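upload_11.cif, holding mmCIF, C-alpha atoms:
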```
data_start
#
loop_
_atom_site.label_atom_id
_atom_site.label_comp_id
_atom_site.auth_asym_id
_atom_site.auth_seq_id
_atom_site.Cartn_x
_atom_site.Cartn_y
_atom_site.Cartn_z
CA MET K 82 -64.16 -40.68 75.93
CA ASN K 83 -63.56 -43.39 73.35
CA THR K 84 -64.46 -43.26 69.66
CA PRO K 85 -67.63 -45.42 69.73
CA THR K 86 -69.13 -43.45 72.64
CA LEU K 87 -68.33 -40.15 70.94
CA LEU K 88 -69.95 -41.28 67.69
CA GLY K 89 -72.88 -42.68 69.68
CA LEU K 90 -73.52 -39.26 71.21
CA CYS K 91 -73.16 -37.69 67.77
CA ALA K 92 -75.79 -40.17 66.57
CA ALA K 93 -78.15 -39.09 69.37
CA VAL K 94 -77.77 -35.44 68.29
CA LEU K 95 -78.39 -36.40 64.63
CA VAL K 96 -81.64 -38.14 65.62
CA GLY K 97 -82.70 -35.03 67.54
CA LEU K 98 -81.83 -32.70 64.65
CA GLY K 99 -83.61 -34.92 62.14
CA LEU K 100 -86.72 -35.15 64.30
CA TYR K 101 -86.80 -31.36 64.69
CA GLY K 102 -86.45 -30.86 60.92
CA LEU K 103 -89.14 -33.45 60.24
CA ILE K 104 -91.63 -31.59 62.45
CA VAL K 105 -90.72 -28.01 61.55
CA SER K 106 -89.81 -28.06 57.82
CA PRO K 107 -92.89 -27.16 55.78
CA HIS K 108 -91.51 -28.46 52.47
CA PRO K 109 -91.98 -32.23 51.98
CA LEU K 110 -88.59 -32.60 50.28
CA ARG K 111 -86.95 -31.05 53.35
CA LYS K 112 -88.95 -33.45 55.51
CA ILE K 113 -87.54 -36.36 53.50
CA MET K 114 -84.00 -35.03 54.05
CA ALA K 115 -84.66 -34.58 57.77
CA PHE K 116 -86.04 -38.12 57.89
CA ASN K 117 -82.81 -39.34 56.30
CA VAL K 118 -80.72 -37.45 58.89
CA MET K 119 -82.80 -39.07 61.65
CA GLY K 120 -82.31 -42.48 60.01
CA ASN K 121 -78.53 -41.91 59.79
CA GLY K 122 -78.48 -41.25 63.53
CA ILE K 123 -80.34 -44.48 64.25
CA PHE K 124 -78.03 -46.45 61.93
CA LEU K 125 -75.01 -44.88 63.63
CA VAL K 126 -76.27 -46.04 67.05
CA CYS K 127 -76.58 -49.57 65.62
CA ALA K 128 -73.02 -49.36 64.25
CA VAL K 129 -71.76 -48.23 67.66
CA ILE K 130 -73.48 -51.23 69.25
CA ALA K 131 -71.93 -53.46 66.57
CA ARG K 132 -68.47 -51.98 67.23
CA ARG K 133 -68.81 -52.65 70.95
CA GLY K 134 -69.56 -56.28 70.12
CA ALA K 135 -66.14 -56.72 68.50
CA GLY K 136 -64.66 -60.14 69.13
CA ALA K 137 -63.48 -63.40 67.61
CA GLY K 138 -61.03 -61.48 65.42
CA MET K 139 -63.74 -59.23 63.94
CA GLY K 140 -63.76 -55.44 64.27
CA GLY K 141 -67.46 -55.46 65.10
CA ASP K 142 -70.45 -57.75 65.47
CA PRO K 143 -71.17 -58.73 61.84
CA VAL K 144 -74.90 -59.38 62.41
CA PRO K 145 -75.96 -55.76 63.12
CA GLN K 146 -73.47 -54.59 60.46
CA ALA K 147 -75.12 -56.79 57.84
CA LEU K 148 -78.56 -55.58 58.92
CA LEU K 149 -77.30 -52.00 58.52
CA ILE K 150 -76.55 -52.65 54.84
CA THR K 151 -80.12 -53.89 54.46
CA ALA K 152 -81.36 -50.81 56.33
CA LEU K 153 -79.45 -48.37 54.08
CA VAL K 154 -80.84 -49.96 50.92
CA VAL K 155 -84.41 -50.01 52.24
CA ALA K 156 -84.07 -46.36 53.38
CA PHE K 157 -83.09 -45.44 49.82
CA ALA K 158 -86.10 -47.28 48.39
CA ALA K 159 -88.39 -45.47 50.85
CA SER K 160 -86.84 -42.08 49.98
CA ALA K 161 -87.25 -42.75 46.25
CA LEU K 162 -90.93 -43.59 46.76
CA ALA K 163 -91.43 -40.50 48.93
CA VAL K 164 -89.77 -38.23 46.36
CA ALA K 165 -91.91 -39.75 43.60
CA LEU K 166 -95.03 -39.00 45.67
CA VAL K 167 -93.97 -35.37 46.18
CA LEU K 168 -93.23 -34.91 42.47
CA ARG K 169 -96.62 -36.36 41.52
CA LEU K 170 -98.33 -34.06 44.04
CA PHE K 171 -96.51 -31.12 42.41
CA GLU K 172 -97.53 -32.23 38.90
CA GLU K 173 -101.18 -32.62 39.91
CA THR K 174 -101.65 -29.47 42.00
CA GLY K 175 -98.71 -27.20 41.12
CA SER K 176 -97.89 -27.01 44.81
CA THR K 177 -96.29 -29.23 47.43
CA SER K 178 -98.16 -27.79 50.36
CA LEU K 179 -99.13 -30.26 53.07
CA SER K 180 -101.30 -27.82 55.00
CA ALA K 181 -104.95 -28.64 55.50
CA GLN K 182 -106.05 -25.22 54.17
CA ALA K 183 -104.30 -25.64 50.84
CA ALA K 184 -105.87 -29.06 50.32
CA GLY K 185 -109.25 -28.08 51.79
CA PRO K 186 -111.16 -26.37 48.96
CA GLN K 187 -110.55 -29.07 46.36
CA PRO K 188 -112.65 -31.89 47.90
CA ALA K 189 -115.39 -29.33 48.69
CA ALA K 190 -115.49 -28.25 45.04
CA ALA K 191 -115.67 -31.90 43.95
CA GLU K 192 -118.64 -32.43 46.26
CA GLY K 193 -120.34 -29.37 44.85
CA GLU K 194 -120.12 -30.80 41.34
CA VAL K 195 -121.81 -34.02 42.38
CA MET M 267 -54.70 -38.38 67.62
CA THR M 268 -57.61 -40.62 66.63
CA GLU M 269 -59.79 -38.82 69.13
CA ALA M 270 -58.98 -35.42 67.68
CA LEU M 271 -59.95 -36.80 64.26
CA THR M 272 -63.19 -38.25 65.63
CA LEU M 273 -64.01 -34.95 67.31
CA ALA M 274 -63.41 -33.07 64.05
CA LEU M 275 -65.56 -35.61 62.20
CA VAL M 276 -68.39 -35.30 64.74
CA GLY M 277 -68.21 -31.49 64.55
CA LEU M 278 -68.37 -31.50 60.73
CA LEU M 279 -71.20 -34.05 60.67
CA MET M 280 -73.33 -32.03 63.07
CA ALA M 281 -72.59 -28.74 61.30
CA LEU M 282 -73.58 -30.23 57.91
CA ALA M 283 -76.69 -31.85 59.42
CA VAL M 284 -77.75 -28.46 60.81
CA TRP M 285 -77.03 -26.88 57.43
CA THR M 286 -79.20 -29.38 55.53
CA LEU M 287 -82.04 -28.58 57.94
CA VAL M 288 -81.84 -24.78 58.16
CA ALA M 289 -80.52 -23.71 54.72
CA ARG M 290 -83.23 -21.61 53.13
CA ASP M 291 -82.54 -22.85 49.60
CA THR M 292 -83.26 -26.57 49.12
CA PHE M 293 -80.56 -26.89 46.48
CA ALA M 294 -78.02 -25.51 48.97
CA ALA M 295 -79.33 -27.92 51.59
CA VAL M 296 -78.85 -30.87 49.23
CA SER M 297 -75.30 -29.75 48.47
CA GLY M 298 -74.69 -30.07 52.19
CA PHE M 299 -76.36 -33.47 52.32
CA VAL M 300 -73.97 -35.15 49.86
CA PRO M 301 -70.69 -34.31 51.69
CA TYR M 302 -72.53 -35.16 54.91
CA GLY M 303 -73.17 -38.66 53.51
CA LEU M 304 -69.54 -38.99 52.44
CA LEU M 305 -68.35 -37.93 55.92
CA LEU M 306 -70.66 -40.56 57.40
CA THR M 307 -68.64 -43.18 55.50
CA LEU M 308 -65.65 -42.09 57.59
CA ALA M 309 -67.74 -42.64 60.73
CA TRP M 310 -68.55 -46.19 59.53
CA LEU M 311 -64.83 -46.77 58.89
CA GLN M 312 -63.97 -45.59 62.40
CA LEU M 313 -66.47 -48.15 63.67
CA ARG M 314 -64.74 -50.84 61.55
CA ALA M 315 -67.82 -51.34 59.41
CA VAL M 316 -66.12 -51.27 56.00
CA ASP M 317 -68.98 -52.97 54.14
CA VAL M 318 -71.45 -50.45 55.57
CA ALA M 319 -69.11 -47.58 54.63
CA MET M 320 -69.10 -48.77 51.01
CA THR M 321 -72.89 -49.01 50.99
CA GLU M 322 -73.20 -45.53 52.50
CA ALA M 323 -70.86 -44.01 49.92
CA ALA M 324 -72.69 -45.73 47.06
CA ILE M 325 -76.32 -45.50 48.15
CA GLY M 326 -76.57 -43.09 51.09
CA ALA M 327 -74.47 -40.29 49.61
CA GLY M 328 -74.46 -41.22 45.91
CA LEU M 329 -77.89 -42.41 44.82
CA THR M 330 -79.84 -40.51 47.51
CA GLY M 331 -77.86 -37.38 46.58
CA VAL M 332 -78.79 -37.70 42.89
CA LEU M 333 -82.42 -38.35 43.85
CA LEU M 334 -82.57 -35.20 46.02
CA ILE M 335 -80.72 -32.97 43.54
CA ALA M 336 -83.08 -33.95 40.72
CA ALA M 337 -86.14 -33.40 42.91
CA ALA M 338 -84.85 -30.06 44.28
CA ALA M 339 -84.29 -28.79 40.74
CA ARG M 340 -87.86 -29.64 39.71
CA LEU M 341 -89.47 -28.33 42.89
CA ARG M 342 -87.78 -24.91 42.84
CA PRO M 343 -91.04 -22.98 42.25
CA THR M 344 -92.59 -24.46 45.40
CA GLU M 345 -89.95 -23.19 47.80
CA ALA M 346 -91.14 -19.67 48.48
CA PRO M 347 -94.76 -20.71 49.24
CA ALA M 348 -93.48 -23.52 51.49
CA TRP M 349 -91.32 -21.09 53.45
CA ALA M 350 -94.41 -18.98 54.14
CA GLU M 351 -96.06 -22.03 55.75
CA ARG M 352 -93.35 -22.36 58.38
CA PRO M 353 -94.94 -23.19 61.75
CA GLY M 354 -95.05 -20.46 64.39
CA LEU M 355 -92.63 -19.98 67.26
CA PRO M 356 -94.59 -22.02 69.85
CA THR M 357 -94.61 -25.09 67.55
CA ARG M 358 -90.91 -24.69 66.87
CA VAL M 359 -90.05 -24.39 70.57
CA LEU M 360 -92.19 -27.43 71.37
CA ALA M 361 -90.55 -29.38 68.53
CA ALA M 362 -87.11 -28.37 69.82
CA ILE M 363 -87.99 -29.56 73.34
CA VAL M 364 -89.33 -32.91 72.09
CA SER M 365 -86.31 -33.44 69.80
CA ALA M 366 -83.85 -32.53 72.54
CA ALA M 367 -85.59 -34.95 74.92
CA VAL M 368 -85.40 -37.77 72.36
CA ALA M 369 -81.72 -37.00 71.68
CA ALA M 370 -80.97 -36.93 75.42
CA GLY M 371 -82.75 -40.26 75.87
CA ILE M 372 -80.73 -41.91 73.09
CA GLY M 373 -77.53 -40.31 74.43
CA ALA M 374 -78.23 -41.74 77.87
CA CYS M 375 -78.84 -45.19 76.33
CA VAL M 376 -75.49 -44.95 74.50
CA LEU M 377 -73.70 -44.11 77.77
CA LEU M 378 -75.51 -46.88 79.68
CA LEU M 379 -74.93 -49.69 77.17
CA PRO M 380 -74.14 -52.96 78.96
CA ASP M 381 -70.51 -53.91 79.44
CA PRO M 382 -69.34 -56.38 78.19
CA ALA M 383 -71.51 -55.85 75.13
CA PRO M 384 -73.61 -58.78 73.90
CA THR M 385 -72.25 -60.04 70.60
CA LEU M 386 -72.89 -62.68 67.98
CA ALA M 387 -69.36 -62.40 66.56
CA PRO M 388 -68.13 -65.66 68.18
CA ALA M 389 -71.20 -67.51 66.90
CA VAL M 390 -70.54 -66.20 63.38
CA ALA M 391 -66.85 -67.13 63.64
CA GLN M 392 -67.82 -70.64 64.73
CA ASN M 393 -70.24 -71.26 61.87
CA ILE M 394 -68.72 -69.27 59.02
CA ALA M 395 -66.86 -72.35 57.72
CA SER M 396 -70.21 -73.99 56.87
CA THR M 397 -70.97 -71.21 54.36
CA GLY M 398 -67.67 -71.39 52.47
CA VAL M 399 -67.35 -67.58 52.32
CA GLY M 400 -64.67 -65.60 54.13
CA ASN M 401 -66.44 -62.25 54.66
CA PRO M 402 -68.57 -62.55 57.83
CA ILE M 403 -70.96 -59.84 56.55
CA THR M 404 -71.63 -61.84 53.39
CA ALA M 405 -72.09 -64.99 55.49
CA VAL M 406 -74.72 -63.18 57.58
CA LEU M 407 -76.45 -61.62 54.56
CA MET M 408 -76.51 -64.74 52.40
CA SER M 409 -76.75 -67.57 54.92
CA PHE M 410 -77.52 -66.85 58.59
CA ARG M 411 -79.99 -64.05 57.81
CA ALA M 412 -80.70 -64.83 54.16
CA MET M 413 -84.41 -64.22 54.78
CA ASP M 414 -83.69 -60.52 55.49
CA THR M 415 -81.76 -60.19 52.26
CA LEU M 416 -84.53 -61.87 50.27
CA LEU M 417 -87.14 -59.58 51.80
CA GLU M 418 -84.92 -56.57 51.14
CA ALA M 419 -84.71 -57.43 47.45
CA VAL M 420 -88.51 -57.78 47.46
CA VAL M 421 -88.90 -54.43 49.27
CA LEU M 422 -86.83 -52.72 46.57
CA LEU M 423 -89.08 -54.27 43.93
CA LEU M 424 -92.22 -53.18 45.82
CA GLY M 425 -90.74 -49.68 46.10
CA LEU M 426 -90.31 -49.60 42.32
CA ILE M 427 -93.90 -50.83 41.81
CA GLY M 428 -95.00 -48.02 44.12
CA VAL M 429 -93.05 -45.45 42.11
CA TRP M 430 -94.38 -46.78 38.80
CA SER M 431 -97.94 -46.77 40.07
CA LEU M 432 -97.65 -42.96 40.38
CA ALA M 433 -97.58 -42.71 36.58
CA PRO M 434 -100.39 -40.77 34.91
CA ASP M 435 -102.73 -43.20 33.11
CA ARG M 436 -101.85 -42.00 29.62
CA ALA M 437 -98.11 -42.58 30.25
CA TRP M 438 -98.47 -46.14 31.56
CA GLY M 439 -96.21 -48.52 29.69
CA GLY M 440 -94.10 -45.61 28.51
CA ARG M 441 -90.64 -44.40 29.36
CA PRO M 442 -89.56 -42.55 32.51
CA GLY M 443 -87.87 -39.15 32.51
CA PRO M 444 -87.57 -36.54 29.77
CA ALA M 445 -86.67 -37.52 26.20
CA PRO M 446 -82.90 -37.81 25.79
CA THR M 447 -81.04 -34.98 24.12
CA GLU M 448 -77.39 -35.62 23.49
CA ASP M 449 -74.85 -32.89 23.11
CA PRO M 450 -72.05 -34.69 21.23
CA ASN M 451 -69.38 -32.30 22.50
CA SER M 452 -70.36 -32.26 26.17
CA ILE M 453 -68.00 -33.47 28.84
CA LEU M 454 -70.90 -35.52 30.26
CA GLY M 455 -71.25 -37.38 26.96
CA TYR M 456 -67.51 -38.02 26.92
CA LEU M 457 -67.51 -39.38 30.47
CA ALA M 458 -70.58 -41.49 29.72
CA ARG M 459 -68.59 -43.21 26.97
CA VAL M 460 -65.30 -43.60 28.82
CA LEU M 461 -66.41 -44.51 32.36
CA PRO M 462 -68.95 -47.37 31.90
CA PRO M 463 -66.44 -50.03 30.76
CA ILE M 464 -64.33 -49.27 33.83
CA GLY M 465 -67.39 -49.03 36.09
CA ILE M 466 -68.78 -52.37 34.91
CA VAL M 467 -65.49 -54.12 35.72
CA VAL M 468 -65.35 -52.41 39.12
CA GLY M 469 -68.99 -53.30 39.90
CA VAL M 470 -68.56 -56.99 39.02
CA TYR M 471 -65.25 -57.09 40.92
CA ILE M 472 -66.91 -55.64 44.05
CA LEU M 473 -69.52 -58.41 43.83
CA TRP M 474 -66.91 -61.14 43.36
CA VAL M 475 -64.51 -59.96 46.04
CA GLY M 476 -67.43 -59.61 48.48
CA ALA M 477 -67.27 -63.34 49.21
CA ASP M 478 -64.02 -62.93 51.13
CA LEU M 479 -63.37 -59.19 51.54
CA PRO M 480 -65.54 -56.11 52.06
CA GLY M 481 -67.89 -55.68 49.11
CA GLY M 482 -70.95 -57.45 47.78
CA LYS M 483 -73.94 -57.31 45.52
CA PHE M 484 -75.52 -54.07 46.82
CA GLN M 485 -72.35 -52.02 46.43
CA GLY M 486 -71.57 -53.64 43.07
CA ALA M 487 -75.14 -53.17 41.83
CA THR M 488 -75.04 -49.49 42.79
CA VAL M 489 -71.89 -48.95 40.72
CA LEU M 490 -73.56 -50.68 37.74
CA ALA M 491 -76.73 -48.62 38.24
CA ALA M 492 -74.63 -45.43 38.38
CA MET M 493 -72.98 -46.31 35.05
CA TRP M 494 -76.35 -46.90 33.39
CA LEU M 495 -77.74 -43.67 34.86
CA LEU M 496 -74.71 -41.79 33.52
CA VAL M 497 -75.38 -43.13 30.01
CA MET M 498 -79.08 -42.18 30.30
CA MET M 499 -78.36 -38.70 31.73
CA ALA M 500 -75.89 -37.97 28.93
CA GLY M 501 -78.66 -38.80 26.45
CA ILE M 502 -76.68 -41.60 24.80
CA SER M 503 -79.42 -44.15 25.47
CA ASP M 504 -83.06 -43.72 26.37
CA ALA M 505 -84.64 -45.11 29.53
CA PRO M 506 -86.50 -48.36 28.74
CA ALA M 507 -90.29 -48.46 28.52
CA VAL M 508 -91.59 -50.04 31.72
CA ASP M 509 -93.71 -52.63 29.92
CA ARG M 510 -90.75 -54.22 28.12
CA THR M 511 -90.44 -57.95 28.81
CA TRP M 512 -86.67 -57.74 29.36
CA VAL M 513 -87.16 -55.05 32.01
CA ARG M 514 -89.70 -57.18 33.85
CA LEU M 515 -87.47 -60.27 33.62
CA ALA M 516 -84.42 -58.34 34.81
CA LEU M 517 -86.35 -56.95 37.78
CA ALA M 518 -87.93 -60.22 38.90
CA GLY M 519 -85.08 -62.57 37.96
CA GLY M 520 -82.87 -62.09 41.04
CA PRO M 521 -85.58 -62.49 43.68
CA ALA M 522 -87.08 -65.40 41.69
CA VAL M 523 -83.75 -67.28 41.66
CA PHE M 524 -83.33 -66.51 45.37
CA ILE M 525 -86.80 -67.91 46.16
CA ALA M 526 -86.23 -70.96 43.93
CA ILE M 527 -82.98 -71.81 45.74
CA GLY M 528 -84.75 -71.18 49.05
CA LEU M 529 -87.44 -73.70 48.08
CA LEU M 530 -84.72 -76.13 46.99
CA GLY M 531 -83.27 -75.75 50.51
CA ALA M 532 -86.71 -76.51 51.97
CA GLY M 533 -86.72 -79.79 50.06
CA VAL M 534 -83.09 -80.87 50.35
CA ALA M 535 -81.69 -79.20 53.50
CA GLY M 536 -84.87 -79.23 55.57
CA ALA M 537 -85.37 -75.45 55.86
CA PHE M 538 -86.44 -72.63 53.55
CA LEU M 539 -83.23 -70.89 52.40
CA GLY M 540 -81.14 -73.67 53.96
CA TYR M 541 -78.17 -74.74 51.82
CA PRO M 542 -77.31 -78.44 51.32
CA GLU M 543 -73.98 -79.28 52.96
CA GLY M 544 -70.97 -78.58 50.74
CA LEU M 545 -73.05 -76.64 48.22
CA ALA M 546 -73.43 -73.43 50.25
CA LYS M 547 -70.72 -71.43 48.47
CA PRO M 548 -71.75 -72.24 44.88
CA LEU M 549 -75.41 -71.56 45.68
CA ILE M 550 -74.52 -68.25 47.35
CA VAL M 551 -72.54 -67.27 44.26
CA VAL M 552 -75.49 -68.18 42.01
CA VAL M 553 -77.91 -66.11 44.11
CA GLU M 554 -75.55 -63.12 44.26
CA ALA M 555 -74.84 -63.27 40.52
CA ALA M 556 -78.60 -63.40 39.84
CA LEU M 557 -79.32 -60.55 42.26
CA LEU M 558 -76.65 -58.23 40.84
CA PRO M 559 -78.40 -57.30 37.54
CA SER M 560 -81.82 -57.22 39.23
CA LEU M 561 -80.63 -54.84 41.94
CA ALA M 562 -78.78 -52.66 39.42
CA VAL M 563 -81.87 -52.30 37.19
CA THR M 564 -84.16 -51.75 40.19
CA LEU M 565 -81.94 -49.04 41.73
CA ALA M 566 -81.51 -47.24 38.40
CA LEU M 567 -85.25 -47.31 37.63
CA LEU M 568 -86.12 -46.14 41.16
CA LEU M 569 -84.08 -43.03 40.34
CA THR M 570 -85.52 -42.43 36.88
CA GLY M 571 -89.01 -42.41 38.39
CA PRO M 572 -92.46 -43.29 37.04
CA PRO M 573 -93.13 -43.49 33.27
CA ARG M 574 -93.95 -40.05 31.86
CA ARG M 575 -94.14 -40.31 28.07
CA LYS M 576 -95.03 -42.79 25.34
CA ASP M 577 -93.01 -43.24 22.19
CA GLY M 578 -94.29 -40.70 19.69
CA ASP M 579 -95.25 -38.19 22.39
CA THR M 580 -93.62 -34.82 22.16
#
```
I'd like the structure from this file rewritten - as structure tokens, please.
Amino acid sequence: MNTPTLLGLCAAVLVGLGLYGLIVSPHPLRKIMAFNVMGNGIFLVCAVIARRGAGAGMGGDPVPQALLITALVVAFAASALAVALVLRLFEETGSTSLSAQAAGPQPAAAEGEV
Amino acid sequence: MTEALTLALVGLLMALAVWTLVARDTFAAVSGFVPYGLLLTLAWLQLRAVDVAMTEAAIGAGLTGVLLIAAAARLRPTEAPAWAERPGLPTRVLAAIVSAAVAAGIGACVLLLPDPAPTLAPAVAQNIASTGVGNPITAVLMSFRAMDTLLEAVVLLLGLIGVWSLAPDRAWGGRPGPAPTEDPNSILGYLARVLPPIGIVVGVYILWVGADLPGGKFQGATVLAAMWLLVMMAGISDAPAVDRTWVRLALAGGPAVFIAIGLLGAGVAGAFLGYPEGLAKPLIVVVEAALLPSLAVTLALLLTGPPRRKDGDT
């Protein structure tokens, strides 16, 4: 099996692992990390496709490679925004729970006041 | 030989990915995430994507690592309650089945990719002369797909606006992060004085060399942002208040120049972001030079987070 195919299969496993972590991890920060692992897998598939498109004296198709740079930067911006949201949630409520029960009583109490 | 190395790399990548997902302590998980990102750069190198490898090392492993470490440290008290909320066994089994199915589907797609692979490499090679740059990635980013790069710069800016908008009302217009405290004898303070001059030269060099060799504004801007963050973390300089005019100008300057040159292209070359013949290279250099400080300030401020205190607050 050649290097691109091997890394492509590795990418498929990374997507699977990331997806599992995204669903199962209860902590939002861990979900963000799992989301990043999933994203890495997707980017790696794109890089494998780029490598297979090598030609004209280039080691890979430069168009998907350039888009990958864009993707990495945008993924960082999204992660930074997600982390900021989690930190604000923690500052406001003292917890980072995403469960419906933990969030439930607060709106009810607000309604009671009105 | 190469295959043995690839196999070892794949094994390490998967092991670290599993570790970042199952480690009970988030801090331990993040310490697995950073070497995982650095190993990914080796994967990019094996796929001959040197520019992507540099971006991964700088942003994927570096900046994202710092972001996660800082957040993990602040969220330590929330870990035990979160662990108690772990979904039950049926959910986990179902999630494992779904994830395995998705992974198998992608794996099958990888094995069934068309041969010969479709590629735009010859088209890029044919037209690269019209851009005046030698690095095909830079030609794609700054000319053939310049619209993507413009939108990416705008997305970064929107991300920062999103982060800032999470500020508590009383802190709006203030400074992000905790007040700086400098320990004059710390090794961090020493490094924050010695490294930035070197880092600034390296960052600008990466931008300049990106025209013809691997490198470019994103990688260069990340190095500059890292130097500034180092100075701020060591407490040598304070983070700027977000309502400062120079901050706003620095943030908007790069995209504004990019849009202005794009509009110039609409008038002179007949297409938005089109470059007049013979002027492509100088215009690309102007846009990249304008984007570099904007990207550096945006990336650094994305990491420092929303404003949290006003001058005079304790």
Exercise for review: List, as a list in words, every residue that the PyMOL selection byres ((chain K and resi 96-108) around 6) selects in the file provided.
Suggested key: Ala93, Val94, Leu95, Pro109, Leu110, Arg111, Lys112, Ala115, Phe116, Val118, Met119 and Gly122 of chain K; Leu287, Ala348, Arg352, Ala361, Ala362, Ser365, Ala366 and Ala369 of chain M
Check your understanding: Can you tell me, as a PyMOL selection string, what residues are no more than 8 Å from K:Leu87 when counting all atoms listed in the file, ignoring any on the same chain fewer than 6 positions away?
Key -> chain M and resi 272-273+276
Exercise for review: Record the distance separating atom CA of M:Asp317 and atom CA of M:Val513, expressed in Å with one decimal.
Suggested key: 28.7 Å
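Residue nearest K:Ser180 within the list M:Pro573, M:Pro347, M:Gly469, M:Pro442: M:Pro347 [criterion: smallest interatomic distance, all atoms listed in the file].
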**Study point:** Residues returned when the PyMOL selection byres ((chain K and resi 127) around 12) runs on this file, as an MDAnalysis selection string
**Key:** (chainID K and resid 85:86 88:89 92:93 120:126 128:134 141:150 152:153) or (chainID M and resid 310 313 315 318 372 375:376 379)
Review point. When you draw a straight line from atom CA of M:Leu279 to atom CA of M:Val300, how long is it in Å?
Key: 11.2 Å
**Study point:** Contacts of M:Leu539 at 7 Å (only C-alpha atoms; same-chain gap of 5+ positions) as a PyMOL selection string
**Key:** chain M and resi 412+527-529+531-532
Practice item. Starting from the displayed file, determine the output of the PyMOL selection byres ((chain M and resi 480) around 8) and express the residue list as a ChimeraX atom specification. Key: /M:316-317,401,403,475-479,481-482
Give me the residues of stretch 82-191 of chain K that have any atom at most 9 Å from an atom of stretch 421-425 of chain M; for each, the nearest atom pair and the distance in Å, rounded to one decimal. Use all atoms listed in the file, sort by chain and number, and format it as a tab-separated table.
```
residue	atom	partner	partner_atom	distance
K:Val154	CA	M:Leu422	CA	7.9
K:Val155	CA	M:Leu422	CA	6.7
K:Phe157	CA	M:Leu422	CA	8.8
K:Ala158	CA	M:Gly425	CA	5.7
K:Ala159	CA	M:Gly425	CA	6.8
K:Ala161	CA	M:Gly425	CA	7.8
K:Leu162	CA	M:Gly425	CA	6.1
```
Would you put the residues from that selection into a file with C-alpha atoms, as a PDB file, keeping the file's coordinate frame?
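New file out.pdb:
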```
ATOM      1  CA  VAL K 154     -80.840 -49.960  50.920  1.00  0.00           C
ATOM      2  CA  VAL K 155     -84.410 -50.010  52.240  1.00  0.00           C
ATOM      3  CA  PHE K 157     -83.090 -45.440  49.820  1.00  0.00           C
ATOM      4  CA  ALA K 158     -86.100 -47.280  48.390  1.00  0.00           C
ATOM      5  CA  ALA K 159     -88.390 -45.470  50.850  1.00  0.00           C
ATOM      6  CA  ALA K 161     -87.250 -42.750  46.250  1.00  0.00           C
ATOM      7  CA  LEU K 162     -90.930 -43.590  46.760  1.00  0.00           C
TER       8      LEU K 162
END
```
Would you compute an axis-aligned box for stretch 110-119 of chain K, covering every atom listed for it in the file with 3 Å of margin on each side, and report centre and edge lengths in Å to one decimal as lines of an AutoDock Vina configuration file?
```
center_x = -84.8
center_y = -35.2
center_z = 56.0
size_x = 14.2
size_y = 14.3
size_z = 17.4
```
Practice item. Would you mind telling me which residue in M:Ala350, M:Val534, M:Met408, M:Leu461 lies nearest to K:Ser178 when using all atoms listed in the file? Key: M:Ala350
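Note that the spacing between atom CA of M:Gln392 and atom CA of M:Ala535 amounts to 19.8 Å.
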Each residue of stretch 351-399 of chain M with at least one atom at most 12 Å from stretch 551-563 of chain M should appear once, together with its nearest atom pair and the corresponding distance in Å (one decimal); atoms considered: all atoms listed in the file; ordering: chain, then increasing residue number; output as a Markdown table.
```
| residue | atom | partner | partner_atom | distance |
| --- | --- | --- | --- | --- |
| M:Thr397 | CA | M:Val551 | CA | 11.0 |
| M:Gly398 | CA | M:Val551 | CA | 10.4 |
| M:Val399 | CA | M:Val551 | CA | 9.6 |
```
C-alpha atoms of the current selection, written as a CSV table (one decimal), in the coordinates of the input:
```
chain,number,residue,atom,x,y,z
M,397,THR,CA,-71.0,-71.2,54.4
M,398,GLY,CA,-67.7,-71.4,52.5
M,399,VAL,CA,-67.4,-67.6,52.3
```
